[in-house]
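Structure data (mmCIF, C-alpha atoms) from query28.cif:
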```cif
data_protein
#
loop_
_atom_site.group_PDB
_atom_site.id
_atom_site.type_symbol
_atom_site.label_atom_id
_atom_site.label_comp_id
_atom_site.auth_asym_id
_atom_site.auth_seq_id
_atom_site.Cartn_x
_atom_site.Cartn_y
_atom_site.Cartn_z
ATOM 1 C CA MET A 29 -53.638 13.000 -32.065
ATOM 2 C CA LYS A 30 -51.935 16.374 -32.347
ATOM 3 C CA GLU A 31 -53.364 17.386 -28.949
ATOM 4 C CA LEU A 32 -52.040 14.162 -27.411
ATOM 5 C CA LYS A 33 -48.508 14.902 -28.662
ATOM 6 C CA GLN A 34 -48.702 18.473 -27.344
ATOM 7 C CA ALA A 35 -49.876 17.163 -23.942
ATOM 8 C CA GLU A 36 -46.975 14.692 -23.890
ATOM 9 C CA ILE A 37 -44.513 17.464 -24.759
ATOM 10 C CA LYS A 38 -45.916 19.679 -21.961
ATOM 11 C CA LEU A 39 -45.685 16.758 -19.508
ATOM 12 C CA LEU A 40 -42.071 16.093 -20.529
ATOM 13 C CA LYS A 41 -41.197 19.769 -20.069
ATOM 14 C CA VAL A 42 -42.742 19.805 -16.591
ATOM 15 C CA GLU A 43 -40.941 16.585 -15.614
ATOM 16 C CA ASN A 44 -37.634 17.879 -16.979
ATOM 17 C CA SER A 45 -37.937 21.144 -15.063
ATOM 18 C CA LYS A 46 -38.700 19.225 -11.814
ATOM 19 C CA THR A 47 -35.707 16.954 -12.429
ATOM 20 C CA MET A 48 -33.488 19.942 -13.099
ATOM 21 C CA GLN A 49 -34.643 21.592 -9.866
ATOM 22 C CA LYS A 50 -33.804 18.417 -7.940
ATOM 23 C CA LEU A 51 -30.389 18.226 -9.577
ATOM 24 C CA GLU A 52 -29.692 21.873 -8.817
ATOM 25 C CA ASN A 53 -30.443 21.261 -5.132
ATOM 26 C CA ILE A 54 -27.739 18.585 -4.867
ATOM 27 C CA PRO A 55 -24.512 20.271 -3.768
ATOM 28 C CA ASN A 56 -21.571 19.383 -5.923
ATOM 29 C CA ARG A 57 -18.557 17.451 -4.619
ATOM 30 C CA LYS A 58 -16.427 20.551 -4.406
ATOM 31 C CA VAL A 59 -18.927 22.223 -2.071
ATOM 32 C CA LYS A 60 -19.126 19.088 0.089
ATOM 33 C CA LYS A 61 -15.324 18.891 0.272
ATOM 34 C CA THR A 62 -15.095 22.578 1.167
ATOM 35 C CA ASN A 63 -17.729 22.205 3.893
ATOM 36 C CA LEU A 64 -15.958 19.139 5.308
ATOM 37 C CA LYS A 65 -12.619 20.941 5.249
ATOM 38 C CA LYS A 66 -14.159 23.945 7.044
ATOM 39 C CA TRP A 67 -15.638 21.646 9.687
ATOM 40 C CA LEU A 68 -12.372 19.743 10.167
ATOM 41 C CA THR A 69 -10.419 22.948 10.685
ATOM 42 C CA ARG A 70 -12.947 25.039 12.602
ATOM 43 C CA THR A 71 -11.360 24.580 16.029
ATOM 44 C CA ASN A 72 -7.950 23.500 17.252
ATOM 45 C CA PHE A 73 -9.513 20.322 18.680
ATOM 46 C CA GLN A 74 -11.066 19.423 15.309
ATOM 47 C CA ARG A 75 -7.703 20.000 13.568
ATOM 48 C CA LYS A 76 -6.036 17.673 16.064
ATOM 49 C CA ILE A 77 -8.669 15.000 15.425
ATOM 50 C CA LYS A 78 -8.196 15.362 11.678
ATOM 51 C CA ASN A 79 -4.406 15.135 11.996
ATOM 52 C CA TRP A 80 -4.748 12.087 14.238
ATOM 53 C CA LEU A 81 -7.059 10.320 11.788
ATOM 54 C CA VAL A 82 -4.913 11.116 8.750
ATOM 55 C CA ASP A 83 -1.678 9.813 10.287
ATOM 56 C CA SER A 84 -3.409 6.783 11.813
ATOM 57 C CA ILE A 85 -5.100 5.740 8.590
ATOM 58 C CA ALA A 86 -1.854 6.221 6.668
ATOM 59 C CA ILE A 87 0.184 3.979 8.984
ATOM 60 C CA ASN A 88 -2.435 1.216 8.889
ATOM 61 C CA VAL A 89 -2.893 1.335 5.116
ATOM 62 C CA PHE A 90 0.844 1.226 4.470
ATOM 63 C CA TYR A 91 2.170 -1.199 7.083
ATOM 64 C CA THR A 92 -0.593 -3.794 7.598
ATOM 65 C CA PRO A 93 0.066 -5.770 4.385
ATOM 66 C CA ALA A 94 3.863 -5.432 4.640
ATOM 67 C CA LEU A 95 4.056 -6.671 8.222
ATOM 68 C CA ALA A 96 1.547 -9.473 7.583
ATOM 69 C CA PHE A 97 3.857 -10.677 4.792
ATOM 70 C CA ASN A 98 6.833 -10.447 7.169
ATOM 71 C CA GLU A 99 5.099 -12.472 9.868
ATOM 72 C CA LEU A 100 3.513 -15.086 7.634
ATOM 73 C CA VAL A 101 6.174 -15.689 5.012
ATOM 74 C CA ILE A 102 9.510 -14.637 6.514
ATOM 75 C CA ALA A 103 9.078 -15.328 10.261
ATOM 76 C CA GLY A 104 7.006 -18.463 9.659
ATOM 77 C CA MET A 105 4.240 -17.488 12.046
ATOM 78 C CA GLY A 106 0.971 -19.324 11.554
ATOM 79 C CA PRO A 107 -2.013 -17.667 9.867
ATOM 80 C CA TYR A 108 -3.911 -17.401 13.160
ATOM 81 C CA THR A 109 -0.970 -15.774 14.988
ATOM 82 C CA THR A 110 -0.410 -13.416 12.041
ATOM 83 C CA LEU A 111 -4.099 -12.477 11.963
ATOM 84 C CA LYS A 112 -4.039 -11.916 15.709
ATOM 85 C CA ALA A 113 -0.931 -9.712 15.399
ATOM 86 C CA ARG A 114 -2.551 -7.639 12.644
ATOM 87 C CA LEU A 115 -5.804 -7.303 14.623
ATOM 88 C CA ILE A 116 -3.781 -6.042 17.588
ATOM 89 C CA SER A 117 -1.726 -3.691 15.414
ATOM 90 C CA ILE A 118 -4.617 -1.930 13.671
ATOM 91 C CA PRO A 119 -6.035 -0.343 16.857
ATOM 92 C CA LEU A 120 -2.459 0.358 17.944
ATOM 93 C CA GLY A 121 -1.918 2.057 14.589
ATOM 94 C CA PHE A 122 -4.860 4.321 15.390
ATOM 95 C CA ILE A 123 -3.422 5.048 18.820
ATOM 96 C CA LEU A 124 0.211 5.488 17.742
ATOM 97 C CA GLY A 125 -0.089 6.787 14.151
ATOM 98 C CA ARG A 126 -0.233 10.448 15.138
ATOM 99 C CA PRO A 127 2.390 10.208 17.910
ATOM 100 C CA PHE A 128 4.724 8.681 15.319
ATOM 101 C CA GLY A 129 3.947 11.571 12.950
ATOM 102 C CA ILE A 130 4.748 14.045 15.731
ATOM 103 C CA TRP A 131 7.919 12.101 16.630
ATOM 104 C CA ARG A 132 9.009 12.111 12.967
ATOM 105 C CA GLN A 133 8.451 15.882 12.753
ATOM 106 C CA PHE A 134 10.391 16.481 15.987
ATOM 107 C CA TYR A 135 13.177 14.145 14.820
ATOM 108 C CA ALA A 136 13.375 15.987 11.480
ATOM 109 C CA ASP A 137 13.338 19.461 13.028
ATOM 110 C CA TYR A 138 15.594 19.040 16.056
ATOM 111 C CA ILE A 139 17.747 15.925 15.629
ATOM 112 C CA PHE A 140 18.359 15.708 11.875
ATOM 113 C CA LYS A 141 17.578 19.335 10.990
ATOM 114 C CA ALA A 142 16.014 18.060 7.774
ATOM 115 C CA ASP A 143 13.311 19.488 5.536
ATOM 116 C CA GLU A 144 12.089 19.316 1.949
ATOM 117 C CA LYS A 145 15.413 20.595 0.618
ATOM 118 C CA SER A 146 17.446 17.892 2.375
ATOM 119 C CA GLY A 147 19.159 15.292 0.263
ATOM 120 C CA LYS A 148 17.834 11.793 -0.370
ATOM 121 C CA ILE A 149 20.360 10.146 1.957
ATOM 122 C CA ARG A 150 19.476 12.487 4.834
ATOM 123 C CA LYS A 151 15.751 11.827 4.332
ATOM 124 C CA PHE A 152 16.419 8.077 4.130
ATOM 125 C CA LEU A 153 18.456 8.080 7.358
ATOM 126 C CA LEU A 154 15.896 10.222 9.145
ATOM 127 C CA ASP A 155 12.921 8.025 8.219
ATOM 128 C CA THR A 156 14.795 4.785 8.885
ATOM 129 C CA THR A 157 16.144 5.689 12.318
ATOM 130 C CA ALA A 158 12.954 7.462 13.430
ATOM 131 C CA SER A 159 10.935 4.378 12.544
ATOM 132 C CA LEU A 160 13.365 1.900 14.139
ATOM 133 C CA ILE A 161 13.450 3.838 17.394
ATOM 134 C CA PHE A 162 9.709 4.410 17.643
ATOM 135 C CA ASN A 163 8.213 1.290 16.087
ATOM 136 C CA GLY A 164 10.731 -1.415 17.049
ATOM 137 C CA ILE A 165 9.614 -1.540 20.664
ATOM 138 C CA VAL A 166 5.936 -1.434 19.711
ATOM 139 C CA TYR A 167 6.334 -4.227 17.139
ATOM 140 C CA THR A 168 8.061 -6.498 19.686
ATOM 141 C CA GLY A 169 5.153 -5.971 22.077
ATOM 142 C CA ILE A 170 2.592 -6.732 19.364
ATOM 143 C CA LEU A 171 4.324 -9.986 18.469
ATOM 144 C CA LYS A 172 4.667 -11.094 22.104
ATOM 145 C CA SER A 173 1.051 -10.304 22.949
ATOM 146 C CA SER A 174 -0.156 -12.203 19.854
ATOM 147 C CA GLY A 175 1.476 -15.388 21.146
ATOM 148 C CA ALA A 176 4.638 -15.505 19.036
ATOM 149 C CA SER A 177 7.563 -17.415 20.539
ATOM 150 C CA TRP A 178 10.819 -15.609 21.336
ATOM 151 C CA ARG A 179 12.380 -17.448 18.386
ATOM 152 C CA GLU A 180 9.643 -16.151 16.044
ATOM 153 C CA ILE A 181 9.997 -12.678 17.537
ATOM 154 C CA GLY A 182 13.770 -12.782 16.965
ATOM 155 C CA ILE A 183 13.311 -13.789 13.307
ATOM 156 C CA ALA A 184 10.476 -11.275 12.809
ATOM 157 C CA MET A 185 12.519 -8.457 14.390
ATOM 158 C CA GLY A 186 15.566 -9.308 12.280
ATOM 159 C CA SER A 187 13.495 -9.201 9.122
ATOM 160 C CA TYR A 188 11.667 -6.134 10.481
ATOM 161 C CA VAL A 189 14.958 -4.237 10.594
ATOM 162 C CA ILE A 190 15.580 -5.162 6.959
ATOM 163 C CA LEU A 191 11.975 -4.304 5.997
ATOM 164 C CA ASN A 192 12.292 -1.066 7.947
ATOM 165 C CA ILE A 193 15.382 -0.112 5.956
ATOM 166 C CA ILE A 194 13.467 -0.866 2.740
ATOM 167 C CA LEU A 195 10.075 0.611 3.715
ATOM 168 C CA SER A 196 10.704 3.556 6.053
ATOM 169 C CA ARG A 197 11.585 6.095 3.379
ATOM 170 C CA PRO A 198 8.719 5.029 1.092
ATOM 171 C CA TYR A 199 6.405 5.265 4.122
ATOM 172 C CA GLY A 200 7.722 8.752 4.944
ATOM 173 C CA TRP A 201 7.030 9.825 1.375
ATOM 174 C CA PHE A 202 3.593 8.118 1.467
ATOM 175 C CA LEU A 203 2.713 9.782 4.775
ATOM 176 C CA ASP A 204 3.595 13.237 3.473
ATOM 177 C CA LYS A 205 1.613 12.681 0.246
ATOM 178 C CA PHE A 206 -1.311 11.200 2.195
ATOM 179 C CA ARG A 207 -1.393 14.265 4.457
ATOM 180 C CA LYS A 208 -1.433 16.829 1.665
ATOM 181 C CA PRO A 209 -5.081 16.471 0.458
ATOM 182 C CA PHE A 210 -6.263 16.726 4.066
ATOM 183 C CA GLY A 211 -4.328 19.912 4.751
ATOM 184 C CA VAL A 212 -1.939 18.313 7.255
ATOM 185 C CA LYS A 213 1.599 19.725 7.082
ATOM 186 C CA PRO A 214 4.063 17.300 5.480
ATOM 187 C CA THR A 215 7.412 16.725 7.176
ATOM 188 C CA LEU A 216 9.827 16.269 4.278
ATOM 189 C CA ASP A 217 8.004 16.027 0.955
ATOM 190 C CA TYR A 218 5.992 19.167 0.219
ATOM 191 C CA SER A 219 5.864 19.225 -3.551
ATOM 192 C CA ASP A 220 4.442 16.717 -6.000
#
```
Can you give me the file's structure in the form of structure tokens?
Amino acid sequence: MKELKQAEIKLLKVENSKTMQKLENIPNRKVKKTNLKKWLTRTNFQRKIKNWLVDSIAINVFYTPALAFNELVIAGMGPYTTLKARLISIPLGFILGRPFGIWRQFYADYIFKADEKSGKIRKFLLDTTASLIFNGIVYTGILKSSGASWREIGIAMGSYVILNIILSRPYGWFLDKFRKPFGVKPTLDYSD
């Protein structure tokens, strides 16, 4: 009986050491993140891809639910037309997310001369006007191509202007915070 217990103990020790070896071979999350970050910043092309993905994901995550609410509830578009508009806008968000980020940076640097130290009103005006100029035309095209009537487009654009005034600054803040963990330079909001 004593020999059986000693054999079991030896077996457990061997199994534990094998398990520990397997666990030691698994790289921790920090190493994986570091390796991914190195890969994403290795070349200029990879940095551009990373920047494109970050801005595109941010615009889709932030605006898809807000604009669906606008179309469905405020403009009175049907569920099918709203779904169609959102399905059109998501790929467009991936195409136009980064150009909007570049436009916002250019607008901040050369038109508004704004940065992190700028006041809240200046940041609000910058984000609101940059978004209205860039996204207003795109949004009209999305609505028209999804089958919305000119009346629905007029209502949706009117409410879009109001939503834009409400959401543009929070989106600007969200975009800058979303960029930070990925190492993409924020436009206006650097600190936590």
Q. Selected by the PyMOL selection byres ((chain A and resi 83) around 12) in the shown coordinates: which residues, as JSON, numbers by chain?
A. {"A": [76, 77, 78, 79, 80, 81, 82, 84, 85, 86, 87, 88, 89, 90, 121, 122, 123, 124, 125, 126, 127, 128, 129, 130, 131, 132, 199, 200, 202, 203, 204, 205, 206, 207, 208, 210, 211, 212, 213, 214, 215]}
Q | Nearest candidate to A:Ile170 (options A:Met185, A:Ile149, A:Leu195, A:Ala136; using only C-alpha atoms) | A | A:Met185
Q. Mind telling me what the PyMOL selection byres ((chain A and resi 176) around 12) catches here, as a PyMOL selection string?
A. chain A and resi 99-100+103-113+167-175+177-185
Q: Identify which of the residues A:Gln133, A:Ala94, A:Arg114, A:Pro209 lies closest to A:Asn192, counting all atoms listed in the file when measuring atom-to-atom distances.
A: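 Using all atoms listed in the file, the shortest distance to A:Asn192 belongs to A:Ala94.
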Q) Distance atom CA of A:Pro198-atom CA of A:Gln74, one decimal place? A)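 These two atoms are separated by 28.3 Å.
For the residues A:Leu154, A:Ala96, A:Ile102, A:Ile116, ranking by smallest atom-to-atom distance to A:Gly186 using only C-alpha atoms places A:Ile102 first.
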Just need the box for stretch 131-149 of chain A, edges along x, y and z, holding every atom the file lists for it with 3 Å tacked onto each side, so centre and edge lengths in Å to one decimal, as JSON.
```
{"center_x": 14.1, "center_y": 15.4, "center_z": 8.1, "size_x": 18.4, "size_y": 16.4, "size_z": 23.0}
```
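Shortest separation to A:Arg150 among A:Asn163, A:Asn98, A:Tyr135, A:Leu120 occurs at residue A:Tyr135, atoms counted being all atoms listed in the file.
Taking atom CA of A:Leu153 and atom CA of A:Phe97 as endpoints, the distance between them is 23.9 Å.
Taking only C-alpha atoms into account, A:Ile190 lies nearest to A:Leu95 out of the set A:Phe162, A:Phe73, A:Tyr138, A:Leu95.
Using only C-alpha atoms, the smallest distance between any of A:Leu216, A:Phe134, A:Val166, A:Ser159 and A:Ile193 comes from A:Ser159.
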